[in-house]
>>> print(open('query.cif').read())   # mmCIF, C-alpha atoms
data_start
loop_
_atom_site.group_PDB
_atom_site.id
_atom_site.type_symbol
_atom_site.label_atom_id
_atom_site.label_comp_id
_atom_site.auth_asym_id
_atom_site.auth_seq_id
_atom_site.Cartn_x
_atom_site.Cartn_y
_atom_site.Cartn_z
ATOM 1 C CA MET O 15 1.080 19.993 12.793
ATOM 2 C CA THR O 16 3.041 22.802 14.404
ATOM 3 C CA GLU O 17 5.216 25.221 12.458
ATOM 4 C CA VAL O 18 8.359 23.543 13.776
ATOM 5 C CA GLU O 19 7.093 20.101 12.752
ATOM 6 C CA ALA O 20 6.397 21.393 9.232
ATOM 7 C CA ILE O 21 9.954 22.713 8.949
ATOM 8 C CA VAL O 22 11.376 19.474 10.363
ATOM 9 C CA GLU O 23 9.339 17.471 7.849
ATOM 10 C CA SER O 24 10.993 19.414 5.027
ATOM 11 C CA LEU O 25 14.453 19.167 6.607
ATOM 12 C CA TRP O 26 14.030 15.415 7.110
ATOM 13 C CA GLU O 27 14.608 14.788 3.410
ATOM 14 C CA LEU O 28 18.036 16.443 3.460
ATOM 15 C CA ASP O 29 21.236 14.460 3.846
ATOM 16 C CA ASP O 30 22.922 14.589 7.268
ATOM 17 C CA ASP O 31 25.950 16.358 5.773
ATOM 18 C CA VAL O 32 23.700 19.073 4.336
ATOM 19 C CA LEU O 33 22.012 19.515 7.712
ATOM 20 C CA GLU O 34 25.362 19.675 9.514
ATOM 21 C CA ALA O 35 26.683 22.231 7.008
ATOM 22 C CA GLN O 36 23.487 24.293 7.398
ATOM 23 C CA LEU O 37 23.909 24.133 11.162
ATOM 24 C CA GLY O 38 27.516 25.357 10.914
ATOM 25 C CA SER O 39 26.580 28.068 8.424
ATOM 26 C CA ARG O 40 23.706 29.284 10.596
ATOM 27 C CA VAL O 41 25.838 29.430 13.742
ATOM 28 C CA GLN O 42 28.581 31.323 11.885
ATOM 29 C CA ALA O 43 26.081 33.807 10.416
ATOM 30 C CA ILE O 44 24.492 34.418 13.820
ATOM 31 C CA GLY O 45 27.952 34.930 15.331
ATOM 32 C CA ASP O 46 28.874 37.380 12.585
ATOM 33 C CA ASP O 47 25.588 39.224 13.044
ATOM 34 C CA VAL O 48 26.116 39.534 16.792
ATOM 35 C CA ALA O 49 29.642 40.811 16.186
ATOM 36 C CA GLY O 50 28.268 43.350 13.703
ATOM 37 C CA GLY O 51 30.201 41.855 10.813
ATOM 38 C CA VAL O 52 27.373 40.957 8.445
ATOM 39 C CA ALA O 53 24.274 42.659 7.102
ATOM 40 C CA THR O 54 21.246 40.375 7.409
ATOM 41 C CA ARG O 55 18.870 42.525 5.345
ATOM 42 C CA GLY O 56 16.294 42.486 8.144
ATOM 43 C CA VAL O 57 16.174 38.674 8.346
ATOM 44 C CA ASP O 58 16.131 37.236 11.864
ATOM 45 C CA LEU O 59 18.698 34.446 11.496
ATOM 46 C CA THR O 60 17.646 32.924 14.797
ATOM 47 C CA SER O 61 13.999 32.325 13.851
ATOM 48 C CA TRP O 62 12.442 29.129 12.531
ATOM 49 C CA GLU O 63 11.017 31.088 9.625
ATOM 50 C CA SER O 64 14.503 31.941 8.388
ATOM 51 C CA ILE O 65 15.242 28.311 7.486
ATOM 52 C CA ASP O 66 14.872 27.918 3.717
ATOM 53 C CA VAL O 67 14.920 24.211 2.873
ATOM 54 C CA ASN O 68 15.067 24.884 -0.869
ATOM 55 C CA VAL O 69 18.254 26.909 -0.483
ATOM 56 C CA ALA O 70 19.722 24.289 1.853
ATOM 57 C CA ALA O 71 19.029 21.500 -0.637
ATOM 58 C CA ARG O 72 20.749 23.351 -3.501
ATOM 59 C CA ALA O 73 23.662 24.860 -1.608
ATOM 60 C CA SER O 74 27.097 23.341 -1.961
ATOM 61 C CA ILE O 75 28.657 22.070 1.242
ATOM 62 C CA ASP O 76 31.415 24.296 2.558
ATOM 63 C CA PRO O 77 33.858 22.070 4.501
ATOM 64 C CA ARG O 78 34.329 24.811 7.127
ATOM 65 C CA PHE O 79 30.607 24.929 7.840
ATOM 66 C CA LEU O 80 30.347 21.129 7.773
ATOM 67 C CA ASP O 81 33.135 20.892 10.363
ATOM 68 C CA ALA O 82 31.574 23.648 12.503
ATOM 69 C CA GLY O 83 28.183 21.924 12.348
ATOM 70 C CA ARG O 84 29.674 18.577 13.333
ATOM 71 C CA GLN O 85 31.575 20.148 16.221
ATOM 72 C CA LEU O 86 28.422 21.817 17.530
ATOM 73 C CA PHE O 87 26.456 18.588 17.143
ATOM 74 C CA ASP O 88 29.128 16.628 19.036
ATOM 75 C CA ARG O 89 29.126 19.233 21.815
ATOM 76 C CA VAL O 90 25.368 19.644 22.217
ATOM 77 C CA ASN O 91 24.188 16.077 21.572
ATOM 78 C CA PRO O 92 25.417 14.743 24.971
ATOM 79 C CA LEU O 93 23.871 17.740 26.770
ATOM 80 C CA THR O 94 20.575 17.067 25.051
ATOM 81 C CA TYR O 95 20.762 13.381 25.965
ATOM 82 C CA GLU O 96 21.284 14.294 29.629
ATOM 83 C CA LEU O 97 18.430 16.801 29.501
ATOM 84 C CA MET O 98 15.971 14.408 27.849
ATOM 85 C CA CYS O 99 16.974 10.997 29.195
ATOM 86 C CA LYS O 100 18.312 11.825 32.644
ATOM 87 C CA PRO O 101 16.366 14.861 33.861
ATOM 88 C CA LEU O 102 17.605 16.211 37.179
ATOM 89 C CA GLY O 103 20.433 13.670 37.110
ATOM 90 C CA GLY O 104 18.131 10.688 37.607
ATOM 91 C CA ASP O 105 16.599 7.979 35.498
ATOM 92 C CA ASP O 106 13.052 8.966 34.586
ATOM 93 C CA ALA O 107 11.245 5.934 33.165
ATOM 94 C CA GLU O 108 8.130 7.982 32.349
ATOM 95 C CA THR O 109 10.085 10.479 30.232
ATOM 96 C CA ARG O 110 11.790 7.610 28.411
ATOM 97 C CA LYS O 111 8.423 5.986 27.731
ATOM 98 C CA ILE O 112 7.033 9.232 26.255
ATOM 99 C CA LEU O 113 10.153 9.668 24.090
ATOM 100 C CA ASP O 114 9.949 6.074 22.861
ATOM 101 C CA GLU O 115 6.267 6.376 21.986
ATOM 102 C CA THR O 116 6.698 9.723 20.235
ATOM 103 C CA ILE O 117 9.662 8.566 18.153
ATOM 104 C CA ASN O 118 7.957 5.342 17.178
ATOM 105 C CA GLN O 119 4.831 7.253 16.119
ATOM 106 C CA ASN O 120 6.295 10.169 14.236
ATOM 107 C CA TYR O 121 9.906 11.286 13.790
ATOM 108 C CA THR O 122 9.041 14.817 12.727
ATOM 109 C CA LYS O 123 6.801 15.256 15.768
ATOM 110 C CA ALA O 124 9.633 14.051 18.021
ATOM 111 C CA ALA O 125 12.086 16.540 16.488
ATOM 112 C CA GLY O 126 9.395 19.226 16.675
ATOM 113 C CA MET O 127 9.040 18.530 20.395
ATOM 114 C CA LEU O 128 12.809 18.478 20.949
ATOM 115 C CA ALA O 129 13.527 21.839 19.275
ATOM 116 C CA PRO O 130 11.733 23.971 21.913
ATOM 117 C CA VAL O 131 13.478 21.962 24.652
ATOM 118 C CA LEU O 132 16.815 22.897 23.068
ATOM 119 C CA VAL O 133 15.754 26.539 22.992
ATOM 120 C CA SER O 134 14.666 26.657 26.633
ATOM 121 C CA GLY O 135 16.941 24.017 28.159
ATOM 122 C CA VAL O 136 20.198 24.631 26.295
ATOM 123 C CA GLY O 137 19.657 28.240 25.212
ATOM 124 C CA LEU O 138 19.972 27.716 21.470
ATOM 125 C CA ALA O 139 18.446 29.986 18.850
ATOM 126 C CA PRO O 140 15.221 28.470 17.438
ATOM 127 C CA ALA O 141 16.698 27.978 13.946
ATOM 128 C CA VAL O 142 19.799 26.254 15.348
ATOM 129 C CA ALA O 143 17.658 24.162 17.701
ATOM 130 C CA THR O 144 15.430 23.038 14.821
ATOM 131 C CA LEU O 145 18.383 21.959 12.684
ATOM 132 C CA LEU O 146 20.004 20.231 15.648
ATOM 133 C CA ALA O 147 16.799 18.483 16.753
ATOM 134 C CA THR O 148 16.286 17.177 13.229
ATOM 135 C CA LEU O 149 19.851 15.838 13.128
ATOM 136 C CA ILE O 150 19.604 14.209 16.556
ATOM 137 C CA ILE O 151 16.320 12.456 15.844
ATOM 138 C CA LYS O 152 17.466 11.414 12.333
ATOM 139 C CA LYS O 153 20.668 9.884 13.673
ATOM 140 C CA VAL O 154 19.012 8.176 16.635
ATOM 141 C CA SER O 155 15.973 6.968 14.678
ATOM 142 C CA LYS O 156 18.158 4.951 12.320
ATOM 143 C CA TYR O 157 18.814 2.544 15.155
ATOM 144 C CA VAL O 158 15.565 2.613 17.096
ATOM 145 C CA ALA O 159 14.189 -0.818 17.702
ATOM 146 C CA THR O 160 14.038 -0.611 21.477
ATOM 147 C CA GLY O 161 14.299 2.251 23.913
ATOM 148 C CA ILE O 162 15.381 5.607 22.537
ATOM 149 C CA CYS O 163 17.625 6.577 25.435
ATOM 150 C CA GLU O 164 19.578 3.311 25.364
ATOM 151 C CA THR O 165 20.101 3.705 21.622
ATOM 152 C CA TRP O 166 20.985 7.380 21.986
ATOM 153 C CA ASP O 167 23.499 6.646 24.743
ATOM 154 C CA LYS O 168 25.284 4.143 22.488
ATOM 155 C CA SER O 169 25.493 6.688 19.649
ATOM 156 C CA LEU O 170 27.168 9.432 21.727
ATOM 157 C CA VAL O 171 30.757 10.307 20.979
ATOM 158 C CA LYS O 172 32.639 9.408 24.126
ATOM 159 C CA PRO O 173 34.997 12.151 25.348
ATOM 160 C CA ALA O 174 38.693 11.350 25.315
ATOM 161 C CA SER O 175 39.932 10.478 28.791
#
>>> encode(input="query.cif", output="structure tokens")
Amino acid sequence: MTEVEAIVESLWELDDDVLEAQLGSRVQAIGDDVAGGVATRGVDLTSWESIDVNVAARASIDPRFLDAGRQLFDRVNPLTYELMCKPLGGDDAETRKILDETINQNYTKAAGMLAPVLVSGVGLAPAVATLLATLIIKKVSKYVATGICETWDKSLVKPAS
């Protein structure tokens, strides 16, 4: 089991709202750090190692962070779908087959595989990518009975026309 998979396994037990609030909190803290507005005490907020599941489980949910996390999820989830299910703008049956098999075998492994893709393909910080990958796979896996990409496509928030 990789380090990311171990973190995802711990995060998997958390409620979606807690994960979304942690996502929003992490993004805000990274933004503040970049702007020079917060002292991080030498902690790299972008790293996987900085995710403390015990703190996340006990922390109260700040509605501002919950909203920020949901907004980021809604913005990045469709990009991730396009990246994973329609690489290079096409329909890659082989990629879909690998995704389906991985998700059906092990959810934490699937999220652990998705996190590095979010880092390299979308440019997210590893900690943000890990939280986001966990949320995506948790939400999609609730409905998986057939193909992952078809299920994922149905779960996307459709943009207002």
>>> residues_around(input="query.cif", residues="O:Val18", least_positions_apart="2", cutoff="10 Å", atoms="all atoms listed in the file", output="ChimeraX atom specification")
/O:15-16,20-23,62-63,122-123,125-130,140-141,144
>>> resolve_selection(input="query.cif", expression="the PyMOL selection byres ((chain O and resi 139) around 10)", output="PDB file with C-alpha atoms, keeping the file's coordinate frame")
ATOM      1  CA  ARG O  40      23.706  29.284  10.596  1.00  0.00           C
ATOM      2  CA  VAL O  41      25.838  29.430  13.742  1.00  0.00           C
ATOM      3  CA  ILE O  44      24.492  34.418  13.820  1.00  0.00           C
ATOM      4  CA  LEU O  59      18.698  34.446  11.496  1.00  0.00           C
ATOM      5  CA  THR O  60      17.646  32.924  14.797  1.00  0.00           C
ATOM      6  CA  SER O  61      13.999  32.325  13.851  1.00  0.00           C
ATOM      7  CA  TRP O  62      12.442  29.129  12.531  1.00  0.00           C
ATOM      8  CA  ALA O 129      13.527  21.839  19.275  1.00  0.00           C
ATOM      9  CA  PRO O 130      11.733  23.971  21.913  1.00  0.00           C
ATOM     10  CA  LEU O 132      16.815  22.897  23.068  1.00  0.00           C
ATOM     11  CA  VAL O 133      15.754  26.539  22.992  1.00  0.00           C
ATOM     12  CA  SER O 134      14.666  26.657  26.633  1.00  0.00           C
ATOM     13  CA  VAL O 136      20.198  24.631  26.295  1.00  0.00           C
ATOM     14  CA  GLY O 137      19.657  28.240  25.212  1.00  0.00           C
ATOM     15  CA  LEU O 138      19.972  27.716  21.470  1.00  0.00           C
ATOM     16  CA  PRO O 140      15.221  28.470  17.438  1.00  0.00           C
ATOM     17  CA  ALA O 141      16.698  27.978  13.946  1.00  0.00           C
ATOM     18  CA  VAL O 142      19.799  26.254  15.348  1.00  0.00           C
ATOM     19  CA  ALA O 143      17.658  24.162  17.701  1.00  0.00           C
ATOM     20  CA  THR O 144      15.430  23.038  14.821  1.00  0.00           C
TER      21      THR O 144
END
>>> atom_distance(input="query.cif", atom1="atom CA of O:Leu97", atom2="atom CA of O:Gly135")
7.5 Å
>>> resolve_selection(input="query.cif", expression="the PyMOL selection byres ((chain O and resi 75-81) around 10)", output="list in words")
Asp30, Asp31, Val32, Leu33, Glu34, Ala35, Gln36, Leu37, Gly38, Ser39, Arg40, Val41, Gln42, Ala70, Ala71, Arg72, Ala73, Ser74, Ala82, Gly83, Arg84, Gln85, Leu86 and Phe87 of chain O
>>> resolve_selection(input="query.cif", expression="the PyMOL selection byres ((chain O and resi 151) around 9)", output="PyMOL selection string")
chain O and resi 117+121-122+124-125+128+146-150+152-156
>>> atom_distance(input="query.cif", atom1="atom CA of O:Leu25", atom2="atom CA of O:Asn120")
14.3 Å
>>> residues_around(input="query.cif", residues="O:Tyr95", least_positions_apart="3", cutoff="10 Å", atoms="all atoms listed in the file", output="list in words")
Val90, Asn91, Pro92, Met98, Cys99, Lys100, Pro101, Ile150, Cys163, Trp166, Asp167 and Leu170 of chain O
>>> residues_around(input="query.cif", residues="O:Val171", least_positions_apart="2", cutoff="7 Å", atoms="only C-alpha atoms", output="VMD selection string")
chain O and resid 88 169 173
>>> closest_residue(input="query.cif", among="O:Trp26, O:Glu164, O:Asp46, O:Glu17", to="O:Lys111", atoms="all atoms listed in the file")
O:Glu164
>>> closest_residue(input="query.cif", among="O:Ala174, O:Ala107, O:Leu145, O:Ala43", to="O:Ile65", atoms="only C-alpha atoms")
O:Leu145
>>> atom_distance(input="query.cif", atom1="atom CA of O:Asp114", atom2="atom CA of O:Val131")
16.4 Å
